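Participant: Pasting in a structure now, in structure tokens, and then I'll have a few things to ask.
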Amino acid sequence: MAELGPVAWPPAPIRTERLVLRESEARDRAERPGHVRPGAGEAELGYMLLPEAWGRGYAAEACAAALGWFADALPGEPVVLCTQTANDHSMRLAAKLGFTEVERFEAWGAEQWFGVLSSVTPLVR
């Protein structure tokens, strides 16, 4: 896998049916729905939603849009995801998005699930 280097996230807002994914602003929380860690050598999908947003499909919608953008920005590059196996919602989301289990390991006092998405579909415009 090639070194990813810096990637502008996102170069312009990404609009979905119900959401707009955009660059963080000062008024926002520090967390964001997806990111590419500089110097990590791999792209990792991450997300965090407030409890009142759970169960409405926002994570799936945002992650699918972020993955589509990533496929356009860096075609052919895999994306990884890590979550606790006890987090049923994140485990189901990983499966829904097409991630395949690579390994399970213990960290932070709990079993972790590590998966990879090797084939990411570009955004349909």
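Residue numbering restarts at 1 in every chain; chains get A, B, ... in the order shown in the structure tokens, and ligands count up from 1 in that same order.
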At a cut-off of 7 Å, using only C-alpha atoms, what residues contact region 15-31 of chain A? Leave out same-chain residues fewer than 6 positions from it and give the result as JSON, numbers by chain.

Facilitator: {"A": [9, 48, 65]}

Participant: Print the selection's residues with all heavy atoms to a file, as a JSON list (two decimals), in the first residue's frame.

Facilitator:
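Writing the result to selection-v3.json gives the following:
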[["chain", "number", "residue", "atom", "x", "y", "z"],
["A", 9, "TRP", "N", -9.96, 17.01, 3.58],
["A", 9, "TRP", "CA", -11.26, 16.42, 3.92],
["A", 9, "TRP", "C", -12.28, 17.47, 4.23],
["A", 9, "TRP", "O", -12.06, 18.24, 5.14],
["A", 9, "TRP", "CB", -11.14, 15.50, 5.11],
["A", 9, "TRP", "CG", -12.48, 15.21, 5.71],
["A", 9, "TRP", "CD1", -12.91, 15.59, 6.95],
["A", 9, "TRP", "CD2", -13.57, 14.50, 5.13],
["A", 9, "TRP", "NE1", -14.19, 15.15, 7.17],
["A", 9, "TRP", "CE2", -14.62, 14.48, 6.07],
["A", 9, "TRP", "CE3", -13.77, 13.90, 3.90],
["A", 9, "TRP", "CZ2", -15.83, 13.87, 5.83],
["A", 9, "TRP", "CZ3", -14.98, 13.29, 3.66],
["A", 9, "TRP", "CH2", -16.00, 13.28, 4.62],
["A", 48, "MET", "N", -18.60, 9.34, 15.44],
["A", 48, "MET", "CA", -19.11, 9.48, 16.80],
["A", 48, "MET", "C", -20.36, 10.34, 16.70],
["A", 48, "MET", "O", -20.32, 11.43, 16.14],
["A", 48, "MET", "CB", -18.09, 10.14, 17.72],
["A", 48, "MET", "CG", -18.57, 10.29, 19.14],
["A", 48, "MET", "SD", -17.34, 11.07, 20.21],
["A", 48, "MET", "CE", -16.15, 9.76, 20.36],
["A", 65, "ALA", "N", -21.24, 8.15, 2.37],
["A", 65, "ALA", "CA", -20.82, 9.34, 1.62],
["A", 65, "ALA", "C", -19.32, 9.56, 1.76],
["A", 65, "ALA", "O", -18.63, 9.87, 0.77],
["A", 65, "ALA", "CB", -21.59, 10.57, 2.09]]

Participant: Leaving out Gly98 (chain A) and any residue of its chain fewer than 2 positions from it, which residues lie within 9 Å of it when counting only C-alpha atoms, given as an MDAnalysis selection string?

Facilitator: chainID A and resid 93:96 100 116:120

Participant: Would you put the residues from that selection into a file with N, CA, C and O atoms, as a compact mmCIF listing (two decimals), in the first residue's frame?

Facilitator:
# COMPACT_ATOMS: atom_id res chain seq x y z
N LEU A 93 -23.06 -1.82 11.51
CA LEU A 93 -22.72 -0.80 10.53
C LEU A 93 -21.51 -1.24 9.70
O LEU A 93 -21.52 -1.10 8.48
N ALA A 94 -20.49 -1.79 10.33
CA ALA A 94 -19.31 -2.27 9.60
C ALA A 94 -19.71 -3.31 8.56
O ALA A 94 -19.26 -3.27 7.42
N ALA A 95 -20.59 -4.24 8.96
CA ALA A 95 -21.05 -5.27 8.02
C ALA A 95 -21.86 -4.64 6.88
O ALA A 95 -21.67 -4.98 5.71
N LYS A 96 -22.74 -3.71 7.22
CA LYS A 96 -23.58 -3.05 6.22
C LYS A 96 -22.73 -2.30 5.20
O LYS A 96 -23.06 -2.27 4.01
N THR A 100 -14.72 -6.30 6.10
CA THR A 100 -14.44 -7.70 6.37
C THR A 100 -13.50 -7.80 7.57
O THR A 100 -12.51 -7.07 7.63
N VAL A 116 -11.40 -4.41 7.28
CA VAL A 116 -10.91 -3.67 6.13
C VAL A 116 -11.98 -3.69 5.04
O VAL A 116 -12.72 -4.66 4.90
N LEU A 117 -12.03 -2.60 4.32
CA LEU A 117 -12.88 -2.47 3.14
C LEU A 117 -11.95 -2.29 1.97
O LEU A 117 -11.28 -1.27 1.84
N SER A 118 -11.82 -3.32 1.13
CA SER A 118 -10.85 -3.25 0.05
C SER A 118 -11.41 -2.62 -1.21
O SER A 118 -10.67 -2.09 -2.00
N SER A 119 -12.69 -2.72 -1.42
CA SER A 119 -13.28 -2.19 -2.64
C SER A 119 -14.30 -1.13 -2.26
O SER A 119 -15.37 -1.44 -1.77
N VAL A 120 -13.94 0.12 -2.46
CA VAL A 120 -14.81 1.23 -2.12
C VAL A 120 -15.43 1.78 -3.40
O VAL A 120 -14.72 1.99 -4.39

Participant: Using only C-alpha atoms, which protein or nucleic acid residues come within 10 Å of Ala64 (chain A)? Drop anything in the same chain fewer than 3 positions from it, and give the result as an NGL selection string.

Facilitator: :A and (16 or 58-61 or 67-70 or 96-97 or 120-123)

Participant: Could the residues in this selection be saved with N, CA, C and O atoms as a short mmCIF file (atom, residue, chain, number, x, y, z; two decimals), in the first residue's frame?

Facilitator:
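Full text of result_0.cif as output:
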data_model
loop_
_atom_site.label_atom_id
_atom_site.label_comp_id
_atom_site.auth_asym_id
_atom_site.auth_seq_id
_atom_site.Cartn_x
_atom_site.Cartn_y
_atom_site.Cartn_z
N THR A 16 -25.78 14.54 1.22
CA THR A 16 -26.54 13.30 1.11
C THR A 16 -28.01 13.67 1.18
O THR A 16 -28.36 14.86 1.21
N TYR A 58 -28.13 7.89 10.44
CA TYR A 58 -27.20 8.98 10.10
C TYR A 58 -25.77 8.46 9.91
O TYR A 58 -25.07 8.90 9.00
N ALA A 59 -25.34 7.56 10.77
CA ALA A 59 -23.96 7.04 10.66
C ALA A 59 -23.77 6.31 9.34
O ALA A 59 -22.76 6.52 8.65
N ALA A 60 -24.72 5.47 8.97
CA ALA A 60 -24.61 4.74 7.70
C ALA A 60 -24.58 5.71 6.52
O ALA A 60 -23.77 5.56 5.60
N GLU A 61 -25.44 6.71 6.55
CA GLU A 61 -25.52 7.69 5.46
C GLU A 61 -24.22 8.49 5.36
O GLU A 61 -23.66 8.67 4.27
N LEU A 67 -17.02 7.33 2.41
CA LEU A 67 -16.32 6.26 1.67
C LEU A 67 -16.37 6.50 0.17
O LEU A 67 -15.40 6.24 -0.54
N GLY A 68 -17.49 7.00 -0.32
CA GLY A 68 -17.59 7.32 -1.74
C GLY A 68 -16.62 8.43 -2.13
O GLY A 68 -15.95 8.35 -3.17
N TRP A 69 -16.54 9.45 -1.27
CA TRP A 69 -15.58 10.53 -1.52
C TRP A 69 -14.16 9.98 -1.53
O TRP A 69 -13.34 10.32 -2.40
N PHE A 70 -13.85 9.11 -0.57
CA PHE A 70 -12.51 8.55 -0.46
C PHE A 70 -12.16 7.75 -1.72
O PHE A 70 -11.04 7.84 -2.22
N LYS A 96 -22.74 -3.71 7.22
CA LYS A 96 -23.58 -3.05 6.22
C LYS A 96 -22.73 -2.30 5.20
O LYS A 96 -23.06 -2.27 4.01
N LEU A 97 -21.64 -1.68 5.66
CA LEU A 97 -20.76 -0.93 4.77
C LEU A 97 -19.85 -1.83 3.95
O LEU A 97 -19.19 -1.36 3.03
N VAL A 120 -13.94 0.12 -2.46
CA VAL A 120 -14.81 1.23 -2.12
C VAL A 120 -15.43 1.78 -3.40
O VAL A 120 -14.72 1.99 -4.39
N THR A 121 -16.73 1.98 -3.39
CA THR A 121 -17.43 2.49 -4.58
C THR A 121 -17.36 4.01 -4.63
O THR A 121 -17.74 4.66 -3.65
N PRO A 122 -16.92 4.58 -5.74
CA PRO A 122 -16.89 6.04 -5.86
C PRO A 122 -18.30 6.63 -5.78
O PRO A 122 -19.28 5.95 -6.00
N LEU A 123 -18.37 7.92 -5.46
CA LEU A 123 -19.65 8.62 -5.41
C LEU A 123 -20.30 8.65 -6.78
O LEU A 123 -19.63 8.82 -7.79
#

Participant: Would you mind telling me which residue in A:Cys63, A:Ala73, A:Val102, A:Ala110 lies nearest to Ala86 (chain A) when using only C-alpha atoms?

Facilitator: A:Ala110

Participant: May I have all residues of region 9-117 of chain A that DSSP, computed from the backbone, assigns to strand (DSSP E), given as a list of chain:residue names?

Facilitator: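 Put together, the selection reads A:Ile14, A:Arg15, A:Val20, A:Leu21, A:Ala43, A:Glu44, A:Val79, A:Val80, A:Leu81, A:Cys82, A:Thr83, A:Gln84, A:Thr100, A:Glu101, A:Val102, A:Glu103, A:Arg104, A:Phe105, A:Glu106, A:Ala107, A:Ala110, A:Glu111, A:Gln112, A:Trp113, A:Phe114, A:Gly115, A:Val116, A:Leu117.
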
Participant: Grab the residues selected above and save them as an mmCIF file, in the first residue's frame with C-alpha atoms.

Facilitator:
data_model
loop_
_atom_site.group_PDB
_atom_site.id
_atom_site.type_symbol
_atom_site.label_atom_id
_atom_site.label_comp_id
_atom_site.auth_asym_id
_atom_site.auth_seq_id
_atom_site.Cartn_x
_atom_site.Cartn_y
_atom_site.Cartn_z
ATOM 1 C CA ILE A 14 -20.640 16.414 0.512
ATOM 2 C CA ARG A 15 -24.435 16.381 0.435
ATOM 3 C CA VAL A 20 -24.040 17.731 4.730
ATOM 4 C CA LEU A 21 -20.509 16.527 5.478
ATOM 5 C CA ALA A 43 -7.176 5.451 5.884
ATOM 6 C CA GLU A 44 -9.311 4.756 8.932
ATOM 7 C CA VAL A 79 -10.036 1.695 4.384
ATOM 8 C CA VAL A 80 -9.869 0.210 7.892
ATOM 9 C CA LEU A 81 -12.271 0.396 10.805
ATOM 10 C CA CYS A 82 -11.877 -0.616 14.443
ATOM 11 C CA THR A 83 -14.661 -0.953 17.014
ATOM 12 C CA GLN A 84 -15.410 -2.859 20.187
ATOM 13 C CA THR A 100 -14.439 -7.704 6.368
ATOM 14 C CA GLU A 101 -12.976 -8.874 9.672
ATOM 15 C CA VAL A 102 -9.193 -9.063 9.746
ATOM 16 C CA GLU A 103 -8.635 -9.725 13.431
ATOM 17 C CA ARG A 104 -9.905 -9.374 16.983
ATOM 18 C CA PHE A 105 -7.677 -8.259 19.826
ATOM 19 C CA GLU A 106 -7.810 -6.992 23.400
ATOM 20 C CA ALA A 107 -7.237 -3.290 24.036
ATOM 21 C CA ALA A 110 -12.320 -4.891 25.880
ATOM 22 C CA GLU A 111 -12.283 -7.050 22.769
ATOM 23 C CA GLN A 112 -11.750 -4.963 19.619
ATOM 24 C CA TRP A 113 -12.764 -5.784 16.051
ATOM 25 C CA PHE A 114 -10.521 -4.682 13.173
ATOM 26 C CA GLY A 115 -11.826 -4.817 9.603
ATOM 27 C CA VAL A 116 -10.910 -3.673 6.125
ATOM 28 C CA LEU A 117 -12.881 -2.469 3.144
#

Participant: Quick check, in Å to one decimal: how far apart do CA of Glu42 (chain A) and CA of Pro10 (chain A) lie?

Facilitator: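 CA of Glu42 (chain A) sits 17.0 Å away from CA of Pro10 (chain A).
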